[in-house]
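Asker: My structure is in protein.csv, and what it holds is CSV, C-alpha atoms:
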```
chain,number,residue,atom,x,y,z
A,1,MET,CA,-88.5,-20.8,-15.4
A,2,SER,CA,-91.8,-19.5,-16.9
A,3,ASP,CA,-94.4,-18.6,-14.3
A,4,ARG,CA,-96.9,-20.6,-16.5
A,5,THR,CA,-94.8,-23.7,-16.6
A,6,PRO,CA,-95.4,-26.1,-13.6
A,7,TYR,CA,-92.0,-27.1,-12.2
A,8,HIS,CA,-90.4,-28.8,-9.2
A,9,CYS,CA,-87.4,-27.5,-7.3
A,10,PHE,CA,-84.5,-29.4,-5.8
A,11,LEU,CA,-82.1,-27.6,-3.5
A,12,GLY,CA,-78.8,-28.8,-2.3
A,13,VAL,CA,-77.2,-27.3,0.9
A,14,ASP,CA,-73.7,-28.2,1.8
A,15,LEU,CA,-74.1,-26.5,5.2
A,16,GLY,CA,-71.3,-24.9,7.1
A,17,TRP,CA,-71.5,-26.7,10.4
A,18,GLN,CA,-70.0,-24.0,12.5
A,19,SER,CA,-68.4,-20.9,10.9
A,20,GLY,CA,-67.7,-21.8,7.3
A,21,PRO,CA,-69.7,-20.7,4.3
A,22,THR,CA,-72.4,-22.9,2.7
A,23,GLY,CA,-72.5,-24.3,-0.8
A,24,LEU,CA,-75.8,-24.1,-2.5
A,25,CYS,CA,-77.3,-25.6,-5.7
A,26,CYS,CA,-80.7,-25.3,-7.3
A,27,LEU,CA,-82.1,-27.9,-9.9
A,28,THR,CA,-85.5,-27.5,-11.4
A,29,MET,CA,-87.6,-30.1,-13.3
A,30,ALA,CA,-90.3,-29.3,-15.8
A,31,ASP,CA,-91.9,-31.9,-18.1
A,32,ASP,CA,-89.5,-34.5,-16.5
A,33,ALA,CA,-86.4,-32.5,-17.7
A,34,LEU,CA,-83.9,-31.7,-14.9
A,35,GLU,CA,-81.9,-28.6,-15.2
A,36,LEU,CA,-79.1,-26.9,-13.2
A,37,VAL,CA,-80.1,-23.3,-12.7
A,38,ALA,CA,-77.9,-22.0,-9.8
A,39,LEU,CA,-74.6,-22.8,-8.0
A,40,ASP,CA,-73.9,-20.4,-5.1
A,41,ARG,CA,-72.1,-20.0,-1.8
A,42,LEU,CA,-73.3,-17.9,1.1
A,43,GLN,CA,-72.2,-17.2,4.7
A,44,SER,CA,-75.0,-16.2,6.9
A,45,THR,CA,-77.9,-18.4,7.9
A,46,ALA,CA,-80.4,-15.7,7.1
A,47,ASP,CA,-79.0,-15.3,3.6
A,48,ILE,CA,-79.1,-19.1,3.1
A,49,LEU,CA,-82.7,-19.4,4.2
A,50,ALA,CA,-83.7,-16.4,2.0
A,51,TRP,CA,-81.9,-18.0,-1.0
A,52,ILE,CA,-83.8,-21.3,-0.4
A,53,ASP,CA,-87.2,-19.6,0.0
A,54,ARG,CA,-86.6,-17.5,-3.1
A,55,TRP,CA,-85.7,-20.4,-5.4
A,56,ALA,CA,-88.5,-22.6,-4.0
A,57,GLU,CA,-91.1,-19.9,-4.4
A,58,GLY,CA,-93.5,-20.7,-7.3
A,59,SER,CA,-92.5,-24.4,-7.6
A,60,THR,CA,-95.2,-27.1,-7.4
A,61,ASN,CA,-93.1,-29.2,-5.1
A,62,ALA,CA,-89.7,-28.5,-3.5
A,63,VAL,CA,-87.1,-30.6,-1.7
A,64,VAL,CA,-84.2,-29.3,0.3
A,65,ALA,CA,-81.4,-31.8,0.8
A,66,VAL,CA,-79.0,-30.8,3.6
A,67,ASP,CA,-75.5,-32.2,4.2
A,68,ALA,CA,-75.7,-31.9,8.0
A,69,PRO,CA,-77.6,-33.5,10.9
A,70,THR,CA,-80.6,-31.4,11.6
A,71,LEU,CA,-82.3,-34.0,13.7
A,72,ILE,CA,-80.1,-34.8,16.7
A,73,PRO,CA,-82.3,-36.4,19.5
A,74,ASN,CA,-79.4,-38.0,21.4
A,75,GLU,CA,-77.6,-36.1,24.2
A,76,THR,CA,-74.4,-38.2,23.8
A,77,GLY,CA,-72.8,-40.9,21.6
A,78,MET,CA,-73.9,-41.6,18.0
A,79,ARG,CA,-77.2,-41.3,16.3
A,80,LEU,CA,-78.7,-44.4,14.6
A,81,PRO,CA,-78.0,-43.1,11.1
A,82,ASP,CA,-74.4,-42.4,12.0
A,83,ARG,CA,-74.0,-46.0,13.1
A,84,LEU,CA,-75.7,-47.3,10.0
A,85,ALA,CA,-73.5,-45.1,7.8
A,86,HIS,CA,-70.4,-46.8,9.3
A,87,LYS,CA,-72.0,-50.2,9.0
A,88,TYR,CA,-72.9,-49.9,5.3
A,89,PHE,CA,-70.3,-47.4,4.1
A,90,GLY,CA,-67.3,-47.8,6.4
A,91,ARG,CA,-65.6,-50.1,3.9
A,92,TYR,CA,-65.7,-47.3,1.4
A,93,ASP,CA,-64.2,-44.8,3.9
A,94,ALA,CA,-67.6,-43.1,4.0
A,95,GLY,CA,-68.5,-43.3,7.7
A,96,CYS,CA,-70.0,-40.0,8.9
A,97,TYR,CA,-69.0,-37.7,11.7
A,98,PRO,CA,-71.0,-38.6,14.8
A,99,ALA,CA,-73.6,-36.1,16.0
A,100,ASN,CA,-75.0,-35.5,19.5
A,101,ARG,CA,-76.4,-32.5,21.4
A,102,GLY,CA,-73.1,-32.1,23.2
A,103,ARG,CA,-71.2,-31.2,20.0
A,104,PRO,CA,-70.5,-27.5,19.4
A,105,PHE,CA,-72.3,-27.5,16.1
A,106,ALA,CA,-75.5,-29.1,17.3
A,107,GLU,CA,-77.5,-26.0,18.3
A,108,LYS,CA,-76.9,-24.3,14.9
A,109,LEU,CA,-77.8,-27.4,12.9
A,110,ILE,CA,-81.0,-28.2,14.8
A,111,ALA,CA,-82.0,-24.5,14.5
A,112,PHE,CA,-81.5,-24.7,10.7
A,113,GLY,CA,-83.8,-27.7,10.4
A,114,LEU,CA,-86.4,-25.9,12.5
A,115,ALA,CA,-86.1,-22.8,10.3
A,116,LEU,CA,-86.7,-25.0,7.2
A,117,GLU,CA,-89.8,-26.4,8.9
A,118,ALA,CA,-91.0,-22.8,9.5
A,119,LEU,CA,-90.7,-22.4,5.7
A,120,GLY,CA,-92.9,-25.4,5.2
A,121,PHE,CA,-90.2,-28.0,4.6
A,122,GLN,CA,-91.2,-31.2,6.5
A,123,HIS,CA,-89.2,-34.4,7.2
A,124,ARG,CA,-90.8,-37.3,5.4
A,125,PRO,CA,-87.9,-39.5,4.2
A,126,HIS,CA,-90.0,-42.7,4.1
A,127,SER,CA,-92.1,-41.5,1.2
A,128,ASP,CA,-93.6,-42.9,-2.0
A,129,ALA,CA,-92.4,-41.4,-5.3
A,130,GLN,CA,-93.3,-37.9,-6.2
A,131,PRO,CA,-94.8,-36.6,-2.9
A,132,GLN,CA,-96.7,-33.3,-3.0
A,133,GLY,CA,-95.4,-30.5,-0.9
A,134,ARG,CA,-92.2,-29.1,0.6
A,135,PHE,CA,-89.7,-31.5,2.2
A,136,GLN,CA,-86.3,-31.5,3.8
A,137,LEU,CA,-83.9,-34.4,3.9
A,138,GLU,CA,-80.6,-35.1,5.5
A,139,VAL,CA,-78.1,-36.4,2.9
A,140,PHE,CA,-74.4,-37.3,2.9
A,141,PRO,CA,-72.5,-36.7,-0.4
A,142,HIS,CA,-69.8,-39.4,0.2
A,143,PRO,CA,-72.2,-42.4,0.3
A,144,ALA,CA,-74.3,-40.8,-2.5
A,145,THR,CA,-71.3,-40.6,-4.8
A,146,VAL,CA,-70.3,-44.2,-3.9
A,147,HIS,CA,-73.7,-45.5,-5.1
A,148,LEU,CA,-74.3,-43.1,-8.0
A,149,PHE,CA,-70.8,-43.4,-9.5
A,150,GLY,CA,-70.1,-47.0,-8.5
A,151,LEU,CA,-67.0,-46.2,-6.5
A,152,SER,CA,-64.9,-48.7,-4.6
A,153,LYS,CA,-63.7,-45.9,-2.3
A,154,ILE,CA,-64.8,-42.3,-1.7
A,155,LEU,CA,-63.1,-39.5,-3.6
A,156,LYS,CA,-60.7,-38.1,-1.0
A,157,TYR,CA,-60.9,-34.4,-1.8
A,158,LYS,CA,-61.5,-33.2,1.8
A,159,LYS,CA,-58.3,-34.3,3.6
A,160,GLY,CA,-54.6,-34.2,2.8
A,161,THR,CA,-52.4,-31.7,1.0
A,162,LEU,CA,-53.6,-29.5,-1.8
A,163,ALA,CA,-51.7,-31.7,-4.2
A,164,GLN,CA,-53.5,-34.7,-3.0
A,165,ARG,CA,-57.0,-33.2,-2.8
A,166,ARG,CA,-57.1,-31.4,-6.1
A,167,PRO,CA,-57.0,-34.4,-8.4
A,168,GLU,CA,-59.7,-36.1,-6.3
A,169,LEU,CA,-61.9,-33.0,-6.7
A,170,GLU,CA,-61.2,-33.0,-10.4
A,171,LYS,CA,-62.5,-36.6,-10.4
A,172,LEU,CA,-65.7,-35.6,-8.6
A,173,ARG,CA,-66.3,-32.9,-11.2
A,174,GLN,CA,-65.7,-35.3,-14.1
A,175,TYR,CA,-68.0,-38.0,-12.6
A,176,GLN,CA,-70.8,-35.4,-12.2
A,177,LEU,CA,-70.3,-34.3,-15.9
A,178,ASP,CA,-70.1,-37.9,-17.2
A,179,VAL,CA,-72.5,-39.9,-15.0
A,180,LEU,CA,-75.3,-37.6,-13.9
A,181,PRO,CA,-76.6,-37.1,-17.5
A,182,THR,CA,-76.9,-40.9,-17.8
A,183,LEU,CA,-79.0,-41.5,-14.7
A,184,GLU,CA,-82.7,-41.3,-14.1
A,185,PRO,CA,-83.6,-38.6,-13.6
A,186,ALA,CA,-81.0,-37.4,-16.1
A,187,LEU,CA,-79.2,-34.1,-15.3
A,188,PRO,CA,-77.7,-32.8,-18.6
A,189,LEU,CA,-74.4,-31.0,-17.8
A,190,GLU,CA,-71.8,-29.3,-20.0
A,191,ASP,CA,-68.3,-28.5,-18.9
A,192,ALA,CA,-69.1,-24.8,-18.8
A,193,ASP,CA,-71.9,-25.5,-16.2
A,194,LEU,CA,-69.5,-26.4,-13.5
A,195,PRO,CA,-66.7,-24.2,-12.0
A,196,GLU,CA,-63.1,-25.2,-12.9
A,197,ILE,CA,-61.0,-26.5,-10.1
A,198,PRO,CA,-58.7,-23.7,-8.8
A,199,LEU,CA,-55.1,-24.0,-7.9
A,200,THR,CA,-55.2,-22.4,-4.5
A,201,GLY,CA,-56.7,-23.8,-1.3
A,202,ALA,CA,-59.4,-21.2,-0.3
A,203,ALA,CA,-60.7,-21.0,-3.9
A,204,MET,CA,-60.7,-24.8,-4.2
A,205,LYS,CA,-62.7,-25.1,-1.0
A,206,ALA,CA,-65.3,-22.8,-2.4
A,207,VAL,CA,-65.7,-25.0,-5.5
A,208,GLU,CA,-65.7,-28.1,-3.3
A,209,ASP,CA,-68.7,-26.7,-1.4
A,210,GLN,CA,-70.6,-26.0,-4.6
A,211,LEU,CA,-69.9,-29.4,-6.1
A,212,ASP,CA,-71.0,-31.1,-2.9
A,213,SER,CA,-74.2,-29.0,-3.0
A,214,LEU,CA,-74.8,-30.3,-6.5
A,215,THR,CA,-74.5,-33.9,-5.2
A,216,CYS,CA,-77.0,-33.0,-2.5
A,217,ALA,CA,-79.5,-31.4,-5.0
A,218,TYR,CA,-79.3,-34.4,-7.3
A,219,ALA,CA,-80.0,-36.7,-4.2
A,220,ALA,CA,-83.1,-34.6,-3.5
A,221,ALA,CA,-84.3,-35.0,-7.1
A,222,HIS,CA,-83.6,-38.7,-7.1
A,223,TRP,CA,-85.5,-39.1,-3.8
A,224,TRP,CA,-88.5,-37.2,-5.1
A,225,VAL,CA,-88.7,-39.1,-8.4
A,226,TRP,CA,-88.2,-42.6,-6.9
A,227,GLY,CA,-89.1,-42.5,-3.2
A,228,LEU,CA,-88.3,-45.7,-1.3
A,229,GLU,CA,-88.2,-47.7,-4.5
A,230,ARG,CA,-84.7,-46.5,-5.3
A,231,ASN,CA,-83.4,-44.8,-2.2
A,232,TRP,CA,-82.1,-46.1,1.1
A,233,VAL,CA,-83.2,-44.4,4.4
A,234,LEU,CA,-80.7,-45.0,7.2
A,235,GLY,CA,-82.7,-44.4,10.4
A,236,ASP,CA,-86.0,-42.5,10.8
A,237,VAL,CA,-87.4,-39.2,11.9
A,238,SER,CA,-87.4,-40.1,15.6
A,239,GLU,CA,-83.7,-41.0,15.8
A,240,GLY,CA,-82.4,-39.1,12.8
A,241,TYR,CA,-81.8,-40.4,9.3
A,242,ILE,CA,-79.7,-40.1,6.1
A,243,VAL,CA,-81.1,-40.6,2.6
A,244,VAL,CA,-78.8,-42.3,0.2
A,245,PRO,CA,-79.6,-43.1,-3.5
A,246,ALA,CA,-79.7,-46.8,-4.1
A,247,PRO,CA,-76.7,-48.3,-5.9
A,248,ASN,CA,-76.5,-47.3,-9.6
A,249,GLU,CA,-76.7,-50.9,-10.8
A,250,TYR,CA,-80.1,-51.1,-9.2
A,251,ALA,CA,-81.3,-47.8,-10.7
A,252,LYS,CA,-80.2,-49.0,-14.2
A,253,LEU,CA,-83.0,-51.6,-14.1
A,254,SER,CA,-85.3,-48.9,-15.5
A,255,GLN,CA,-83.1,-47.9,-18.4
```
Now, as a test, write the supplied structure out as structure tokens.
Answerer:
Amino acid sequence: MSDRTPYHCFLGVDLGWQSGPTGLCCLTMADDALELVALDRLQSTADILAWIDRWAEGSTNAVVAVDAPTLIPNETGMRLPDRLAHKYFGRYDAGCYPANRGRPFAEKLIAFGLALEALGFQHRPHSDAQPQGRFQLEVFPHPATVHLFGLSKILKYKKGTLAQRRPELEKLRQYQLDVLPTLEPALPLEDADLPEIPLTGAAMKAVEDQLDSLTCAYAAAHWWVWGLERNWVLGDVSEGYIVVPAPNEYAKLSQ
């Protein structure tokens, strides 16, 4: 990206909740054209934050979309967005894992959100279109894919045997290639832009993390372009929230 060309940056973070690596994606937008510029996977929190800061540097506006609860105000039970995710997406098998401060992952995820705030990324999910600044969002790939791709059930690439998961991950990759270029904002993708689906479990998990991070990054771009007009916000900053792109048939009203 030329230093003289104003551009916006949308970063997807499929965060490892405890010990696992994190999938990372960077999309940029210049002159309303969205482009995939990086897919990565890193282990340490310090490396992840440095990656985010490096890609966001120089952009006019930047949004980080994190697949993890970084706002966890409740000591026990379920957050408001977790309950709403089950209410609206349970029938798609897309209810999310409940978060509270008693969970072993809570301290790490809260700290990650605070570290993003220290880099200038603020929570402002209930925003008009194209806000100016640096922002962070909590997102959830399963509901996002249900709405963006018009699915009747989630793609079940996270659980089951390798033989069961692999074709579902292939479907995710193909939906990204076929559908994301048709949406608004459009993300042009070619087959060579995305990693092939490997045959072994560990390698497949690495690609899964990267493809999930692409969904997160696209959700960030969609939120920035449309704001509340074409995005749902389940919850709020005080109780935690999840941003989900509105259903694809709604988004097509502009096309």
Asker: Could you check how far CA of Gly227 in chain A sits from CA of Asp178 in chain A, in Å to one decimal?
Answerer: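 Between these atoms lies a distance of 24.0 Å.
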Asker: Compare A:Phe135, A:Tyr157, A:Trp51, A:Trp232 by their minimum atom-to-atom distance to Val63 in chain A, counting all atoms listed in the file, and give me the closest one.
Answerer: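 Once distances to Val63 in chain A are computed over all atoms listed in the file, the minimum belongs to A:Phe135.
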Asker: How far is it from CA of Arg134 in chain A to CA of Ala33 in chain A, in Å with one decimal?
Answerer: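 For CA of Arg134 in chain A relative to CA of Ala33 in chain A, the distance reads 19.5 Å.
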Asker: For Arg165 in chain A, list every protein, DNA or RNA residue within 9 Å, evaluated using all atoms listed in the file, and leave out those in the same chain fewer than 6 positions away; present the list as a PDB file with C-alpha atoms, keeping the file's coordinate frame.
Answerer:
```
ATOM      1  CA  LEU A 155     -63.100 -39.500  -3.600  1.00  0.00           C
ATOM      2  CA  LYS A 156     -60.700 -38.100  -1.000  1.00  0.00           C
ATOM      3  CA  TYR A 157     -60.900 -34.400  -1.800  1.00  0.00           C
ATOM      4  CA  LYS A 158     -61.500 -33.200   1.800  1.00  0.00           C
ATOM      5  CA  LYS A 159     -58.300 -34.300   3.600  1.00  0.00           C
TER       6      LYS A 159
END
```
Asker: Need the shell around Gly113 in chain A: protein/DNA/RNA residues with any atom at most 12 Å away, counting only C-alpha atoms. Skip same-chain ones fewer than 2 positions apart. Format as a JSON list (two decimals) with C-alpha atoms, in the frame of the given file?
Answerer:
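Done, and the output landed in part.json:
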```
[["chain", "number", "residue", "atom", "x", "y", "z"],
["A", 13, "VAL", "CA", -77.20, -27.30, 0.90],
["A", 15, "LEU", "CA", -74.10, -26.50, 5.20],
["A", 45, "THR", "CA", -77.90, -18.40, 7.90],
["A", 49, "LEU", "CA", -82.70, -19.40, 4.20],
["A", 64, "VAL", "CA", -84.20, -29.30, 0.30],
["A", 65, "ALA", "CA", -81.40, -31.80, 0.80],
["A", 66, "VAL", "CA", -79.00, -30.80, 3.60],
["A", 67, "ASP", "CA", -75.50, -32.20, 4.20],
["A", 68, "ALA", "CA", -75.70, -31.90, 8.00],
["A", 69, "PRO", "CA", -77.60, -33.50, 10.90],
["A", 70, "THR", "CA", -80.60, -31.40, 11.60],
["A", 71, "LEU", "CA", -82.30, -34.00, 13.70],
["A", 72, "ILE", "CA", -80.10, -34.80, 16.70],
["A", 106, "ALA", "CA", -75.50, -29.10, 17.30],
["A", 107, "GLU", "CA", -77.50, -26.00, 18.30],
["A", 108, "LYS", "CA", -76.90, -24.30, 14.90],
["A", 109, "LEU", "CA", -77.80, -27.40, 12.90],
["A", 110, "ILE", "CA", -81.00, -28.20, 14.80],
["A", 111, "ALA", "CA", -82.00, -24.50, 14.50],
["A", 115, "ALA", "CA", -86.10, -22.80, 10.30],
["A", 116, "LEU", "CA", -86.70, -25.00, 7.20],
["A", 117, "GLU", "CA", -89.80, -26.40, 8.90],
["A", 118, "ALA", "CA", -91.00, -22.80, 9.50],
["A", 119, "LEU", "CA", -90.70, -22.40, 5.70],
["A", 120, "GLY", "CA", -92.90, -25.40, 5.20],
["A", 121, "PHE", "CA", -90.20, -28.00, 4.60],
["A", 122, "GLN", "CA", -91.20, -31.20, 6.50],
["A", 123, "HIS", "CA", -89.20, -34.40, 7.20],
["A", 135, "PHE", "CA", -89.70, -31.50, 2.20],
["A", 136, "GLN", "CA", -86.30, -31.50, 3.80],
["A", 137, "LEU", "CA", -83.90, -34.40, 3.90],
["A", 138, "GLU", "CA", -80.60, -35.10, 5.50],
["A", 240, "GLY", "CA", -82.40, -39.10, 12.80]]
```
Asker: Using only C-alpha atoms, which residue out of A:Phe112, A:Arg101, A:Asn74, A:Leu214 lies closest to Ala46 in chain A?
Answerer: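 Among the listed residues, the smallest separation from Ala46 in chain A belongs to A:Phe112.
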Asker: Tell me, as a list in words, which residues lie within 10 Å of Leu189 in chain A, counting all atoms listed in the file; anything in the same chain fewer than 2 positions away does not count.
Answerer: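 Using all atoms listed in the file, the neighbours found are Leu34, Glu35, Leu36, Gln176, Leu177, Asp178, Val179, Leu180, Pro181, Ala186, Leu187, Asp191, Ala192, Asp193 and Leu194 of chain A.
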Asker: Compile the contact shell of Ala38 in chain A as a ChimeraX atom specification: residues with an atom at most 9 Å away, counting all atoms listed in the file, same-chain residues fewer than 6 positions apart removed.
Answerer: /A:24-27
Asker: What is the distance, in Å and to one decimal place, between CA of Asn100 in chain A and CA of Gln18 in chain A?
Answerer: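 According to the coordinates, CA of Asn100 in chain A and CA of Gln18 in chain A are separated by 14.4 Å.
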Asker: Can you work out which one of A:Leu211, A:Ala62, A:Gln132, A:Tyr92 has the shortest atom-to-atom distance to Lys153 in chain A, counting all atoms listed in the file?
Answerer: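 Nearest to Lys153 in chain A: A:Tyr92.
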Asker: Find the residue from A:Ser44, A:Asn61, A:Thr145, A:Thr161 that sits nearest to Ala219 in chain A; use all atoms listed in the file when measuring.
Answerer: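 Once distances to Ala219 in chain A are computed over all atoms listed in the file, the minimum belongs to A:Thr145.
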Asker: Tell me which of A:Pro104, A:Pro185, A:Pro141, A:Pro198 sits closest to Leu172 in chain A, counting all atoms listed in the file.
Answerer: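 Of the candidates, the smallest distance to Leu172 in chain A is held by A:Pro141.
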Asker: Under the rule that only C-alpha atoms are counted, which of A:Phe105, A:Met78, A:Arg54, A:His8 is the nearest residue to Pro131 in chain A?
Answerer: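 Smallest separation from Pro131 in chain A among the options: A:His8.
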Asker: Find the spatial neighbours of Tyr88 in chain A, counting only C-alpha atoms, within a cut-off of 10 Å - ignore same-chain residues fewer than 5 positions away - and output them as a list in words.
Answerer: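 In the requested form, the answer reads Arg83, Ala94, Gly95, Pro143 and Leu234 of chain A.
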Asker: Filtering to N, CA and C atoms, could range 38-57 of chain A of the supplied structure be written out as a short mmCIF file (atom, residue, chain, number, x, y, z; two decimals), in the first residue's frame?
Answerer:
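So the final result, stored in part_9.cif, reads:
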```
data_model
loop_
_atom_site.label_atom_id
_atom_site.label_comp_id
_atom_site.auth_asym_id
_atom_site.auth_seq_id
_atom_site.Cartn_x
_atom_site.Cartn_y
_atom_site.Cartn_z
N ALA A 38 -2.85 -10.02 3.85
CA ALA A 38 -2.07 -10.90 4.71
C ALA A 38 -2.96 -11.93 5.39
N LEU A 39 -2.49 -13.18 5.41
CA LEU A 39 -3.04 -14.23 6.26
C LEU A 39 -1.87 -14.79 7.05
N ASP A 40 -2.05 -14.93 8.37
CA ASP A 40 -0.92 -15.31 9.21
C ASP A 40 -1.43 -16.14 10.38
N ARG A 41 -0.50 -16.61 11.18
CA ARG A 41 -0.84 -17.36 12.39
C ARG A 41 0.34 -17.23 13.35
N LEU A 42 0.07 -16.73 14.54
CA LEU A 42 1.12 -16.47 15.52
C LEU A 42 0.73 -17.03 16.88
N GLN A 43 1.74 -17.22 17.72
CA GLN A 43 1.50 -17.86 19.02
C GLN A 43 1.41 -16.85 20.17
N SER A 44 2.45 -16.04 20.35
CA SER A 44 2.51 -15.23 21.57
C SER A 44 1.67 -13.96 21.44
N THR A 45 1.12 -13.53 22.58
CA THR A 45 0.30 -12.31 22.59
C THR A 45 1.12 -11.10 22.16
N ALA A 46 2.37 -11.05 22.58
CA ALA A 46 3.22 -9.91 22.20
C ALA A 46 3.39 -9.85 20.69
N ASP A 47 3.61 -11.00 20.06
CA ASP A 47 3.78 -11.04 18.60
C ASP A 47 2.48 -10.65 17.89
N ILE A 48 1.35 -11.10 18.44
CA ILE A 48 0.05 -10.78 17.84
C ILE A 48 -0.21 -9.29 17.90
N LEU A 49 0.03 -8.67 19.04
CA LEU A 49 -0.20 -7.24 19.19
C LEU A 49 0.75 -6.44 18.30
N ALA A 50 1.99 -6.90 18.17
CA ALA A 50 2.94 -6.22 17.29
C ALA A 50 2.49 -6.33 15.83
N TRP A 51 1.97 -7.48 15.45
CA TRP A 51 1.46 -7.68 14.09
C TRP A 51 0.31 -6.72 13.82
N ILE A 52 -0.61 -6.61 14.76
CA ILE A 52 -1.75 -5.70 14.60
C ILE A 52 -1.27 -4.27 14.47
N ASP A 53 -0.38 -3.86 15.35
CA ASP A 53 0.10 -2.47 15.33
C ASP A 53 0.84 -2.16 14.04
N ARG A 54 1.60 -3.14 13.54
CA ARG A 54 2.38 -2.92 12.31
C ARG A 54 1.46 -2.74 11.10
N TRP A 55 0.43 -3.61 10.98
CA TRP A 55 -0.45 -3.50 9.82
C TRP A 55 -1.36 -2.28 9.90
N ALA A 56 -1.74 -1.89 11.12
CA ALA A 56 -2.63 -0.73 11.27
C ALA A 56 -1.89 0.60 11.09
N GLU A 57 -0.59 0.59 11.32
CA GLU A 57 0.19 1.82 11.22
C GLU A 57 0.07 2.43 9.82
#
```
